[in-house]
Every structure is written in structure tokens, then in C-alpha cells.
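Data from coords.cif: mmCIF, C-alpha atoms and all ligand atoms
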```cif
data_query
loop_
_atom_site.label_atom_id
_atom_site.label_comp_id
_atom_site.auth_asym_id
_atom_site.auth_seq_id
_atom_site.Cartn_x
_atom_site.Cartn_y
_atom_site.Cartn_z
CA MET A 1 -4.11 -63.01 4.14
CA SER A 2 -2.71 -63.52 7.62
CA LYS A 3 -2.97 -60.75 10.16
CA PHE A 4 0.84 -60.58 10.30
CA LEU A 5 1.14 -60.16 6.54
CA LYS A 6 -1.50 -57.40 6.58
CA LEU A 7 0.35 -55.59 9.32
CA SER A 8 3.67 -55.85 7.52
CA LEU A 9 2.16 -54.54 4.29
CA PHE A 10 0.63 -51.66 6.21
CA ALA A 11 3.99 -50.89 7.81
CA ILE A 12 5.75 -50.96 4.44
CA LEU A 13 3.12 -48.63 3.01
CA ILE A 14 3.56 -46.14 5.85
CA LEU A 15 7.35 -46.30 5.62
CA SER A 16 7.43 -45.68 1.88
CA LEU A 17 4.86 -42.90 2.19
CA SER A 18 6.95 -41.08 4.78
CA ALA A 19 10.12 -41.57 2.73
CA PHE A 20 8.30 -40.12 -0.27
CA LEU A 21 7.06 -37.12 1.71
CA ALA A 22 10.53 -36.52 3.10
CA ALA A 23 11.99 -36.59 -0.39
CA CYS A 24 9.40 -34.07 -1.64
CA GLY A 25 10.01 -31.81 1.30
CA ASN A 26 13.70 -31.87 0.62
CA SER A 27 13.80 -30.83 -2.93
CA ASN A 28 11.41 -28.00 -3.35
CA THR A 29 10.37 -26.05 -0.33
CA GLU A 30 11.65 -22.62 0.34
CA ASP A 31 12.55 -23.54 3.90
CA SER A 32 14.87 -26.33 2.98
CA SER A 33 16.85 -24.18 0.61
CA GLU A 34 17.15 -21.41 3.16
CA ASP A 35 18.23 -23.84 5.86
CA SER A 36 20.95 -25.15 3.67
CA ASN A 37 22.10 -21.80 2.37
CA ALA A 38 25.86 -21.72 2.19
CA SER A 39 26.23 -19.36 5.06
CA GLY A 40 29.05 -21.30 6.67
CA GLU A 41 32.36 -19.46 6.78
CA ASP A 42 34.10 -21.98 4.58
CA GLY A 43 31.23 -21.75 2.09
CA GLU A 44 31.66 -25.45 1.44
CA SER A 45 28.13 -26.54 2.10
CA GLY A 46 24.60 -25.98 1.01
CA GLU A 47 23.03 -26.17 -2.37
CA VAL A 48 22.21 -24.32 -5.53
CA ASN A 49 19.07 -24.56 -7.65
CA LEU A 50 19.38 -24.49 -11.42
CA TYR A 51 16.75 -24.18 -14.12
CA THR A 52 18.15 -25.32 -17.45
CA SER A 53 16.94 -25.87 -20.97
CA ARG A 54 20.01 -28.00 -21.69
CA HIS A 55 19.46 -31.70 -21.24
CA TYR A 56 22.71 -33.54 -21.73
CA GLU A 57 24.15 -36.23 -19.49
CA THR A 58 27.51 -34.52 -19.59
CA ASP A 59 26.01 -31.42 -17.99
CA GLN A 60 24.88 -33.53 -15.05
CA ALA A 61 28.34 -35.11 -14.83
CA LEU A 62 29.78 -31.60 -14.51
CA TYR A 63 27.35 -30.69 -11.73
CA ASP A 64 28.36 -33.89 -9.94
CA THR A 65 32.04 -32.94 -10.19
CA PHE A 66 31.20 -29.49 -8.83
CA THR A 67 29.42 -31.11 -5.86
CA GLU A 68 32.39 -33.39 -5.24
CA GLU A 69 34.80 -30.45 -5.27
CA THR A 70 32.74 -27.99 -3.23
CA GLY A 71 30.18 -29.98 -1.25
CA ILE A 72 27.49 -27.81 -2.82
CA LYS A 73 24.54 -29.84 -4.05
CA VAL A 74 23.11 -28.88 -7.46
CA ASN A 75 19.34 -29.32 -7.86
CA VAL A 76 18.37 -29.30 -11.52
CA VAL A 77 14.99 -28.48 -13.07
CA GLU A 78 14.83 -29.07 -16.83
CA GLY A 79 12.40 -27.55 -19.30
CA SER A 80 12.31 -25.66 -22.56
CA GLY A 81 13.65 -22.10 -22.48
CA ASP A 82 10.16 -20.63 -22.96
CA GLU A 83 8.66 -22.81 -20.23
CA LEU A 84 11.35 -21.88 -17.75
CA ILE A 85 11.09 -18.14 -18.47
CA GLU A 86 7.33 -18.44 -18.00
CA ARG A 87 7.87 -20.32 -14.76
CA LEU A 88 10.37 -17.74 -13.49
CA ASN A 89 7.87 -15.00 -14.30
CA GLN A 90 5.09 -16.75 -12.43
CA GLU A 91 7.17 -17.69 -9.42
CA GLY A 92 8.51 -14.16 -9.04
CA GLU A 93 10.46 -13.52 -5.87
CA SER A 94 9.52 -16.86 -4.38
CA THR A 95 11.33 -18.82 -7.10
CA GLU A 96 13.66 -21.58 -6.00
CA ALA A 97 15.90 -20.96 -8.98
CA ASP A 98 19.27 -19.38 -8.34
CA LEU A 99 20.54 -19.92 -11.86
CA PHE A 100 19.01 -20.09 -15.31
CA ILE A 101 20.72 -21.68 -18.29
CA THR A 102 19.25 -21.40 -21.75
CA ALA A 103 20.19 -21.28 -25.41
CA ASP A 104 20.38 -18.10 -27.45
CA ALA A 105 21.46 -14.62 -26.44
CA GLY A 106 17.99 -13.53 -27.58
CA ASN A 107 16.30 -15.62 -24.88
CA LEU A 108 18.75 -14.43 -22.23
CA HIS A 109 18.02 -10.88 -23.28
CA ALA A 110 14.27 -11.57 -22.96
CA ALA A 111 14.79 -12.90 -19.42
CA SER A 112 16.83 -9.82 -18.59
CA GLU A 113 14.20 -7.47 -20.06
CA SER A 114 11.56 -9.16 -17.89
CA GLY A 115 13.60 -8.23 -14.84
CA LEU A 116 14.29 -11.86 -13.95
CA LEU A 117 18.08 -11.58 -13.68
CA GLN A 118 20.71 -9.80 -11.62
CA PRO A 119 24.22 -8.71 -12.55
CA VAL A 120 27.18 -10.78 -11.40
CA GLU A 121 30.54 -9.10 -10.92
CA SER A 122 33.23 -11.75 -11.18
CA ASP A 123 36.85 -11.48 -12.25
CA VAL A 124 36.84 -15.22 -12.89
CA LEU A 125 33.94 -15.00 -15.34
CA ASN A 126 35.36 -11.90 -16.98
CA GLY A 127 38.69 -13.65 -17.34
CA ASN A 128 37.32 -16.90 -18.78
CA ILE A 129 34.63 -15.51 -21.08
CA PRO A 130 35.46 -12.97 -23.83
CA GLU A 131 33.60 -9.70 -23.53
CA LYS A 132 31.57 -10.22 -26.70
CA PHE A 133 29.95 -13.32 -25.16
CA ARG A 134 28.86 -11.51 -22.01
CA ASP A 135 25.91 -9.21 -21.42
CA VAL A 136 27.02 -5.58 -21.28
CA ASP A 137 25.34 -5.32 -17.86
CA ASN A 138 26.80 -8.66 -16.66
CA GLU A 139 23.36 -10.23 -16.38
CA TRP A 140 24.28 -13.26 -18.49
CA PHE A 141 27.40 -15.08 -19.60
CA GLY A 142 27.98 -17.35 -22.56
CA LEU A 143 28.96 -20.95 -21.79
CA THR A 144 29.03 -22.51 -25.25
CA LYS A 145 29.20 -21.11 -28.76
CA ARG A 146 27.10 -22.27 -31.70
CA ALA A 147 27.83 -21.49 -35.31
CA ARG A 148 24.88 -21.03 -37.70
CA VAL A 149 26.23 -22.14 -41.07
CA ILE A 150 25.26 -23.27 -44.54
CA VAL A 151 25.10 -27.03 -45.05
CA TYR A 152 24.95 -28.41 -48.56
CA ASP A 153 24.29 -31.64 -50.37
CA LYS A 154 27.71 -32.94 -51.35
CA GLU A 155 26.47 -34.39 -54.64
CA ARG A 156 24.46 -31.46 -55.94
CA VAL A 157 26.47 -28.53 -54.59
CA ASP A 158 30.15 -27.78 -54.87
CA PRO A 159 31.38 -25.72 -51.92
CA SER A 160 33.04 -23.34 -54.41
CA GLU A 161 29.51 -22.16 -55.26
CA LEU A 162 29.08 -20.95 -51.69
CA SER A 163 30.38 -17.74 -50.18
CA THR A 164 28.09 -15.65 -47.96
CA TYR A 165 24.65 -15.64 -46.37
CA GLU A 166 23.87 -12.71 -48.65
CA ALA A 167 24.79 -14.68 -51.80
CA LEU A 168 21.96 -17.13 -51.02
CA THR A 169 19.52 -14.40 -52.09
CA GLU A 170 20.84 -14.54 -55.69
CA PRO A 171 18.58 -15.99 -58.42
CA GLU A 172 20.77 -19.09 -58.79
CA TRP A 173 19.49 -20.28 -55.38
CA GLU A 174 15.81 -19.99 -56.27
CA ASP A 175 13.78 -22.88 -54.82
CA ARG A 176 16.89 -24.45 -53.31
CA ILE A 177 17.02 -23.27 -49.68
CA ALA A 178 15.69 -24.92 -46.50
CA ILE A 179 15.50 -22.85 -43.31
CA ARG A 180 13.16 -22.94 -40.35
CA SER A 181 10.46 -20.42 -39.46
CA SER A 182 10.99 -16.78 -38.60
CA SER A 183 9.49 -17.29 -35.14
CA ASN A 184 12.55 -19.34 -34.22
CA MET A 185 14.96 -17.47 -31.97
CA TYR A 186 18.05 -18.73 -33.84
CA ASN A 187 16.78 -17.03 -36.99
CA ILE A 188 15.70 -13.90 -35.13
CA SER A 189 19.21 -13.63 -33.71
CA LEU A 190 20.73 -14.28 -37.14
CA LEU A 191 18.76 -11.42 -38.67
CA ALA A 192 19.48 -9.26 -35.61
CA SER A 193 23.19 -9.75 -36.31
CA PHE A 194 22.72 -8.64 -39.93
CA ILE A 195 20.88 -5.51 -38.74
CA GLU A 196 23.91 -4.73 -36.61
CA LEU A 197 26.51 -5.47 -39.29
CA ASN A 198 24.77 -4.31 -42.49
CA GLY A 199 21.94 -2.04 -41.37
CA SER A 200 18.17 -2.55 -41.44
CA GLU A 201 17.73 -2.01 -45.15
CA GLU A 202 20.16 -4.75 -46.19
CA ALA A 203 18.83 -7.04 -43.49
CA ALA A 204 15.33 -6.53 -44.86
CA SER A 205 16.37 -7.38 -48.39
CA TRP A 206 18.19 -10.47 -47.12
CA ALA A 207 15.01 -11.68 -45.42
CA GLY A 208 13.03 -10.99 -48.61
CA GLY A 209 15.60 -12.68 -50.84
CA ILE A 210 15.76 -15.85 -48.73
CA THR A 211 11.97 -16.01 -48.55
CA ASN A 212 11.91 -15.90 -52.37
CA ASN A 213 14.48 -18.66 -52.69
CA MET A 214 12.98 -21.12 -50.21
CA ALA A 215 12.51 -24.61 -51.62
CA ILE A 216 9.89 -25.52 -49.04
CA GLU A 217 7.77 -23.67 -46.49
CA PRO A 218 9.62 -23.31 -43.20
CA GLN A 219 8.73 -26.14 -40.85
CA GLY A 220 10.38 -28.20 -38.12
CA GLY A 221 13.72 -27.67 -36.44
CA ASP A 222 17.27 -27.44 -37.75
CA ARG A 223 17.55 -31.23 -38.07
CA ASP A 224 14.50 -31.22 -40.33
CA GLN A 225 16.22 -28.75 -42.66
CA ALA A 226 19.16 -31.16 -42.95
CA LYS A 227 16.75 -34.00 -43.67
CA ALA A 228 15.01 -31.94 -46.35
CA VAL A 229 18.35 -31.41 -48.11
CA ALA A 230 19.26 -35.10 -47.83
CA ALA A 231 15.84 -36.01 -49.23
CA GLY A 232 16.44 -33.79 -52.26
CA GLN A 233 13.76 -31.22 -51.34
CA ALA A 234 16.40 -28.51 -51.10
CA ASP A 235 20.10 -28.18 -51.93
CA VAL A 236 21.31 -26.10 -48.98
CA ALA A 237 20.10 -25.38 -45.46
CA VAL A 238 20.97 -22.74 -42.90
CA MET A 239 21.41 -24.41 -39.52
CA ASN A 240 23.57 -24.81 -36.42
CA THR A 241 26.59 -27.09 -36.74
CA TYR A 242 26.00 -29.07 -33.55
CA TYR A 243 22.94 -30.72 -35.07
CA ILE A 244 25.21 -32.20 -37.73
CA GLY A 245 27.48 -33.43 -34.92
CA GLY A 246 24.51 -34.92 -33.12
CA MET A 247 23.23 -36.65 -36.24
CA LEU A 248 26.65 -38.04 -37.19
CA ASN A 249 26.79 -39.61 -33.75
CA SER A 250 23.13 -40.59 -33.61
CA GLU A 251 21.89 -44.07 -32.74
CA ASP A 252 19.46 -43.75 -35.64
CA PRO A 253 21.29 -44.94 -38.79
CA GLU A 254 19.00 -42.77 -40.96
CA GLU A 255 20.23 -39.63 -39.21
CA VAL A 256 23.83 -40.71 -39.66
CA LYS A 257 23.17 -41.20 -43.37
CA VAL A 258 21.60 -37.74 -43.65
CA ALA A 259 24.53 -36.04 -41.91
CA GLU A 260 27.10 -37.95 -43.95
CA SER A 261 25.55 -36.68 -47.17
CA LEU A 262 26.02 -33.06 -46.10
CA GLY A 263 28.98 -30.69 -46.09
CA VAL A 264 29.45 -27.87 -43.57
CA PHE A 265 30.32 -24.43 -44.95
CA PHE A 266 31.27 -21.45 -42.80
CA PRO A 267 29.94 -18.40 -44.66
CA ASN A 268 31.26 -14.84 -44.83
CA GLN A 269 34.87 -15.76 -44.18
CA GLU A 270 36.10 -12.94 -46.43
CA THR A 271 33.56 -10.46 -45.06
CA THR A 272 31.69 -10.18 -41.75
CA GLY A 273 32.25 -13.72 -40.42
CA THR A 274 29.97 -16.63 -39.57
CA HIS A 275 27.07 -15.98 -37.22
CA VAL A 276 27.76 -17.28 -33.74
CA ASN A 277 25.30 -17.50 -30.87
CA ILE A 278 25.63 -18.92 -27.36
CA SER A 279 23.97 -20.92 -24.70
CA GLY A 280 24.50 -19.06 -21.48
CA ILE A 281 23.99 -18.82 -17.76
CA SER A 282 22.44 -16.14 -15.59
CA MET A 283 21.70 -15.55 -11.92
CA THR A 284 18.07 -14.95 -11.05
CA LYS A 285 17.10 -11.70 -9.40
CA SER A 286 15.79 -13.53 -6.33
CA ALA A 287 18.60 -16.06 -5.99
CA LYS A 288 18.69 -17.27 -2.40
CA ASN A 289 22.00 -19.08 -2.78
CA ALA A 290 23.84 -16.34 -4.65
CA GLU A 291 27.29 -17.23 -3.34
CA ASN A 292 26.98 -20.88 -4.35
CA ALA A 293 25.42 -19.86 -7.64
CA GLN A 294 28.37 -17.67 -8.54
CA LYS A 295 30.73 -20.53 -7.67
CA LEU A 296 28.92 -22.82 -10.10
CA MET A 297 28.97 -20.15 -12.82
CA GLU A 298 32.71 -19.75 -12.39
CA PHE A 299 33.26 -23.51 -12.30
CA LEU A 300 31.42 -23.95 -15.62
CA SER A 301 33.62 -21.33 -17.26
CA ASN A 302 36.93 -22.96 -16.29
CA GLU A 303 38.99 -24.78 -18.90
CA LYS A 304 38.26 -28.29 -17.71
CA SER A 305 34.51 -27.74 -17.57
CA GLN A 306 34.46 -25.88 -20.85
CA GLU A 307 36.04 -28.81 -22.63
CA GLN A 308 33.31 -31.12 -21.39
CA PHE A 309 30.45 -28.66 -21.45
CA ALA A 310 30.87 -27.78 -25.11
CA SER A 311 31.79 -31.23 -26.38
CA ALA A 312 28.62 -32.76 -24.93
CA ASN A 313 26.66 -31.24 -27.78
CA TYR A 314 29.38 -30.57 -30.39
CA GLU A 315 29.31 -26.87 -29.53
CA TYR A 316 32.34 -24.62 -29.26
CA PRO A 317 33.80 -23.58 -25.90
CA VAL A 318 33.59 -19.83 -25.11
CA ASN A 319 36.81 -20.01 -23.09
CA PRO A 320 39.48 -19.17 -25.69
CA ASN A 321 42.11 -21.26 -23.88
CA VAL A 322 40.25 -24.46 -24.70
CA GLU A 323 41.14 -26.19 -27.97
CA VAL A 324 38.50 -28.03 -29.93
CA THR A 325 39.11 -31.64 -30.90
CA GLY A 326 37.62 -34.39 -33.04
CA LEU A 327 34.78 -33.43 -35.35
CA LEU A 328 34.97 -29.70 -34.59
CA GLU A 329 38.67 -29.70 -35.30
CA SER A 330 38.00 -31.48 -38.59
CA TRP A 331 35.61 -28.70 -39.66
CA GLY A 332 38.48 -26.29 -39.20
CA GLU A 333 38.83 -22.83 -37.72
CA PHE A 334 36.63 -20.03 -38.91
CA LYS A 335 36.17 -16.32 -38.59
CA GLU A 336 33.13 -15.39 -36.54
CA GLN A 337 31.04 -12.21 -36.52
CA ASP A 338 32.72 -9.53 -34.49
CA ILE A 339 29.79 -8.17 -32.51
CA ASN A 340 28.83 -8.13 -28.87
CA LEU A 341 26.00 -10.65 -28.54
CA SER A 342 23.97 -8.19 -26.46
CA VAL A 343 22.96 -6.61 -29.78
CA LEU A 344 21.11 -9.80 -30.74
CA GLY A 345 18.61 -9.03 -28.01
CA GLU A 346 18.59 -5.31 -28.68
CA ASN A 347 17.72 -5.83 -32.37
CA GLN A 348 15.19 -8.58 -31.69
CA GLN A 349 12.00 -6.57 -32.24
CA GLU A 350 13.36 -5.01 -35.41
CA ALA A 351 14.29 -8.46 -36.72
CA ILE A 352 10.78 -9.78 -36.05
CA ARG A 353 9.35 -6.76 -37.89
CA LEU A 354 11.58 -7.35 -40.93
CA PHE A 355 10.67 -11.04 -41.08
CA ASP A 356 6.96 -10.18 -41.05
CA GLN A 357 7.49 -7.57 -43.74
CA ALA A 358 9.30 -10.17 -45.86
CA GLY A 359 6.46 -12.65 -45.47
CA TRP A 360 8.84 -15.27 -44.02
CA LYS A 361 6.52 -17.77 -42.32
FE FE A 401 19.35 -26.07 -30.74
#
```

Take the structure in the file and give it back as C-alpha cells.
Ligand code: FE
Amino acid sequence: MSKFLKLSLFAILILSLSAFLAACGNSNTEDSSEDSNASGEDGESGEVNLYTSRHYETDQALYDTFTEETGIKVNVVEGSGDELIERLNQEGESTEADLFITADAGNLHAASESGLLQPVESDVLNGNIPEKFRDVDNEWFGLTKRARVIVYDKERVDPSELSTYEALTEPEWEDRIAIRSSSNMYNISLLASFIELNGSEEAASWAGGITNNMAIEPQGGDRDQAKAVAAGQADVAVMNTYYIGGMLNSEDPEEVKVAESLGVFFPNQETTGTHVNISGISMTKSAKNAENAQKLMEFLSNEKSQEQFASANYEYPVNPNVEVTGLLESWGEFKEQDINLSVLGENQQEAIRLFDQAGWK
């Protein structure tokens, strides 16, 4: 190798190393975020740091639009809800995160109980998000709604046989139900809603009745319950609708086939309504870019964002001014449970106790 070539290689190495170090320094040191705090009078600068358990391209597109409109850069850290709560706990006051987005009111409640969040007083948020989808102390706000429904095999089940969650505990459903484990937060929140609506005793007998009627031991996620029904292992499953949307639009033809074989049924239309949960956003207790963070929260609740934010994952918008289209429209309107979702967190421990008592794995 010529001396010149060696020198050039060395120079390239040094240049890329310094570029790399500069990039690292930019994204995650406390100093950089404080320097770029939106302290300017116009507020149109700086950045905001977001931890999120959502991982959809459309979410990123929304953050990009927000940056274009406000000049505020959005730095995103993705992880599972549990991981991010753990990380927030460990980082404590020194956390970079200004905002935390995760699924399930139960998880948001857990973050709140751990003292990780702070209340946000905003007329914009209160105007865009119905009260029942907001924390009573304003520590979290729903962004998208998810309906937990009954799906059924179109060949083996006629929808006229279906009515309520409670009816699935009847003997005619013995060995016919697929539903995931009781450690799953979606199920904990579902049972928590029944405790609120029907009382502990009825909730306990529901958990016992479903456990008796399970076709298979709980395993896997909601998609796996759909697959179990399509494979003939069960006739109905309790699951969130957006997984059906995801599978219908999947690149995997097997998943499309599974979803096409299933019907979606919204239970309890004549009684207490279908169980609805949320994915939601919260401001961390130690947010260093609180002003920017609130702007992003408000932006995500506006009609234009809500349309995109919910449709990315076939969820329902929380903003009541936004109409659903396409697949969601085809499933039709439905009556949802009329409870404030804060109770899902409040009844969490009781729900876990009832599941254990029922022997639901
Ligand atoms: Fe999910």
C-alpha cells in the first residue's frame, strides 16, 4: 500500500470516527437536550424526547409533520411498554424522556402509580379527548381506542349464537374458546372493566366460566388466538379488532387467509357495551422539554393527526370528530362500555386476584 493511500485511509477513519462521536453526543446527552430546550420566545425551536411502545411508520410520519410545522425535533426511543417503564424507573430524574406512549390504560396507570408521570392541564387535550379516555388526574391521555371483541369462525359459528362476553361462560361454549393468558394486560383490563360494571362476584364467575370453556391452554398473543380458531382448535376467540385489520392487510398470505375466515362480533350491544381500551400518551415527571412535549401531545390529538394515528394500526380515533373509514367503517358502529378508563388501573390488582382464583393460566 502506498504511503498516500495509507494516509488517506487514516484520514477517512478519523473523519468517520469524529462524525460518529458527534452523532452520539447529539442524541442522548443531557446537555444537548438542555441546550436545545425550547426556551425561545416563539417556542419554535428545540426538541422533544419520546419513549414509545408503538412502532408504526405512520407514527414517525406524524412526528415529521410536527417537526415541519413547529421546528421542534422529535427524538424517538422504541421499546416494549414493560421495558420502557423499567427504563424510566431506572433513569429516574435524569431521564431524557419527556413523553411516554404505551398501550393499555392499565400500563399507563402502572406508570402513574410508580410516580413517573406529571399532570398536564390543557384545554386542547380536554377538548379533543373525551373525559372517559383521560386519567382523572390528567396524568395520561388516550390517543387511540381498541375494541376487545369476539371473533368467530364463519363456517362453524353463526353470529346469531353470540351475544355477550358473559354468555361465553355457558355450557354450549365448552372447549370452544381461545383467549390469551391472564398475565396479559389486555385481559387484566377486560376483567377490571367487568369488576366495575358487574361487581367482583360476577367478574369472578366470568373468569371461572371462561377458564372452564377454554379449548386450549392460553398461549401466545391475540393473533395466535385467531390462528387457533382458523386452525379449528377453537370456534371463537376474544381479541382486539386491530389484529384482524393487521392480518387482513398482512404481506403473509397465510395471515390473510386466517383473518378472512373470521367474523368480528361486538359483544354486549344490548347491555354494558363492548370493552374498549386505549393506547395513550403521558408526560414524564422529569420532562425537561415540557412546553414542547405538551405541543406534541396536543398535535397528536387534533383531527388530522387522529385520522392518521389511529388508521396506522386499524385502531379507532379517540377524537369524536374524526370519522372512521374503510375496514373499520365496514365493521359498523358499536356501543362501547361507559366507564372512565382510570378504573381499569384501579381494579387491576383485584382482577389479577380473580384470575388466579379462577386458575386462568
Ligand atoms: Fe396489541

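Counting from CA of Pro267 (chain A), the distance to CA of Leu162 (chain A) is 7.5 Å.
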
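CA of Glu336 (chain A) to CA of Phe194 (chain A) spans 12.9 Å [interatomic distance, one decimal].
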
Give me, please, the distance in Å between CA of Val120 (chain A) and CA of Phe299 (chain A), quoted to one decimal. 14.1 Å

Counting only C-alpha atoms and all ligand atoms, what are the residues, protein, DNA or RNA alike, that approach ligand FE 401 (chain A) to within 9 Å? I want them as a VMD selection string. chain A and resid 103 to 104 146 186 221 to 222 240 242 to 243

Filtering to C-alpha atoms, could you give me those residues as an mmCIF file, keeping the file's coordinate frame?
```
data_model
loop_
_atom_site.group_PDB
_atom_site.id
_atom_site.type_symbol
_atom_site.label_atom_id
_atom_site.label_comp_id
_atom_site.auth_asym_id
_atom_site.auth_seq_id
_atom_site.Cartn_x
_atom_site.Cartn_y
_atom_site.Cartn_z
ATOM 1 C CA ALA A 103 20.190 -21.280 -25.410
ATOM 2 C CA ASP A 104 20.380 -18.100 -27.450
ATOM 3 C CA ARG A 146 27.100 -22.270 -31.700
ATOM 4 C CA TYR A 186 18.050 -18.730 -33.840
ATOM 5 C CA GLY A 221 13.720 -27.670 -36.440
ATOM 6 C CA ASP A 222 17.270 -27.440 -37.750
ATOM 7 C CA ASN A 240 23.570 -24.810 -36.420
ATOM 8 C CA TYR A 242 26.000 -29.070 -33.550
ATOM 9 C CA TYR A 243 22.940 -30.720 -35.070
#
```

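Proximity of A:Trp140, A:Trp331, A:Phe133, A:Tyr152 to Ala110 (chain A), computed with all atoms listed in the file, is greatest for A:Trp140.
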
Within 12 Å of Lys295 (chain A) using all atoms listed in the file, minus same-chain residues under 4 positions, as a ChimeraX atom specification: /A:38,43-48,63,66-67,69-74,98-99,120-125,283,289-291,299-302

Export, as a PDB file, in the coordinates of the input, the selected residues with C-alpha atoms.
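Wrote it out as selection28.pdb, contents follow:
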```pdb
ATOM      1  CA  ALA A  38      25.860 -21.720   2.190  1.00  0.00           C
ATOM      2  CA  GLY A  43      31.230 -21.750   2.090  1.00  0.00           C
ATOM      3  CA  GLU A  44      31.660 -25.450   1.440  1.00  0.00           C
ATOM      4  CA  SER A  45      28.130 -26.540   2.100  1.00  0.00           C
ATOM      5  CA  GLY A  46      24.600 -25.980   1.010  1.00  0.00           C
ATOM      6  CA  GLU A  47      23.030 -26.170  -2.370  1.00  0.00           C
ATOM      7  CA  VAL A  48      22.210 -24.320  -5.530  1.00  0.00           C
ATOM      8  CA  TYR A  63      27.350 -30.690 -11.730  1.00  0.00           C
ATOM      9  CA  PHE A  66      31.200 -29.490  -8.830  1.00  0.00           C
ATOM     10  CA  THR A  67      29.420 -31.110  -5.860  1.00  0.00           C
ATOM     11  CA  GLU A  69      34.800 -30.450  -5.270  1.00  0.00           C
ATOM     12  CA  THR A  70      32.740 -27.990  -3.230  1.00  0.00           C
ATOM     13  CA  GLY A  71      30.180 -29.980  -1.250  1.00  0.00           C
ATOM     14  CA  ILE A  72      27.490 -27.810  -2.820  1.00  0.00           C
ATOM     15  CA  LYS A  73      24.540 -29.840  -4.050  1.00  0.00           C
ATOM     16  CA  VAL A  74      23.110 -28.880  -7.460  1.00  0.00           C
ATOM     17  CA  ASP A  98      19.270 -19.380  -8.340  1.00  0.00           C
ATOM     18  CA  LEU A  99      20.540 -19.920 -11.860  1.00  0.00           C
ATOM     19  CA  VAL A 120      27.180 -10.780 -11.400  1.00  0.00           C
ATOM     20  CA  GLU A 121      30.540  -9.100 -10.920  1.00  0.00           C
ATOM     21  CA  SER A 122      33.230 -11.750 -11.180  1.00  0.00           C
ATOM     22  CA  ASP A 123      36.850 -11.480 -12.250  1.00  0.00           C
ATOM     23  CA  VAL A 124      36.840 -15.220 -12.890  1.00  0.00           C
ATOM     24  CA  LEU A 125      33.940 -15.000 -15.340  1.00  0.00           C
ATOM     25  CA  MET A 283      21.700 -15.550 -11.920  1.00  0.00           C
ATOM     26  CA  ASN A 289      22.000 -19.080  -2.780  1.00  0.00           C
ATOM     27  CA  ALA A 290      23.840 -16.340  -4.650  1.00  0.00           C
ATOM     28  CA  GLU A 291      27.290 -17.230  -3.340  1.00  0.00           C
ATOM     29  CA  PHE A 299      33.260 -23.510 -12.300  1.00  0.00           C
ATOM     30  CA  LEU A 300      31.420 -23.950 -15.620  1.00  0.00           C
ATOM     31  CA  SER A 301      33.620 -21.330 -17.260  1.00  0.00           C
ATOM     32  CA  ASN A 302      36.930 -22.960 -16.290  1.00  0.00           C
TER      33      ASN A 302
END
```

Of the residues A:Val264, A:Ala237, A:Val136, A:Ile244, which is the one nearest to Glu346 (chain A), using all atoms listed in the file?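 Of the candidates, the smallest distance to Glu346 (chain A) is held by A:Val136.
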
Ile210 (chain A): which residues within 12 Å, counting all atoms listed in the file, same-chain residues fewer than 4 positions away excluded, as an MDAnalysis selection string? chainID A and resid 165:182 187 191 203:206 214:218 236:238 355 358:361

For a quick check of understanding, using all atoms listed in the file, which of A:Glu315, A:Asp153, A:Glu323, A:Asp356 has the smallest distance to Ala226 (chain A)?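 Using all atoms listed in the file, the shortest distance to Ala226 (chain A) belongs to A:Asp153.
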
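The closest residue to Ser163 (chain A), picked from A:Ile150, A:Asn319, A:Asn213, A:Ser183 and counting all atoms listed in the file, is A:Ile150.
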
Of the listed residues A:Glu155, A:Glu255, A:Glu96, A:Asp338, that which approaches Asn268 (chain A) most closely, counting all atoms listed in the file: A:Asp338

Distance criterion (only C-alpha atoms): nearest to His55 (chain A) out of A:Ala105, A:Leu116, A:Val258, A:Val77: A:Val77
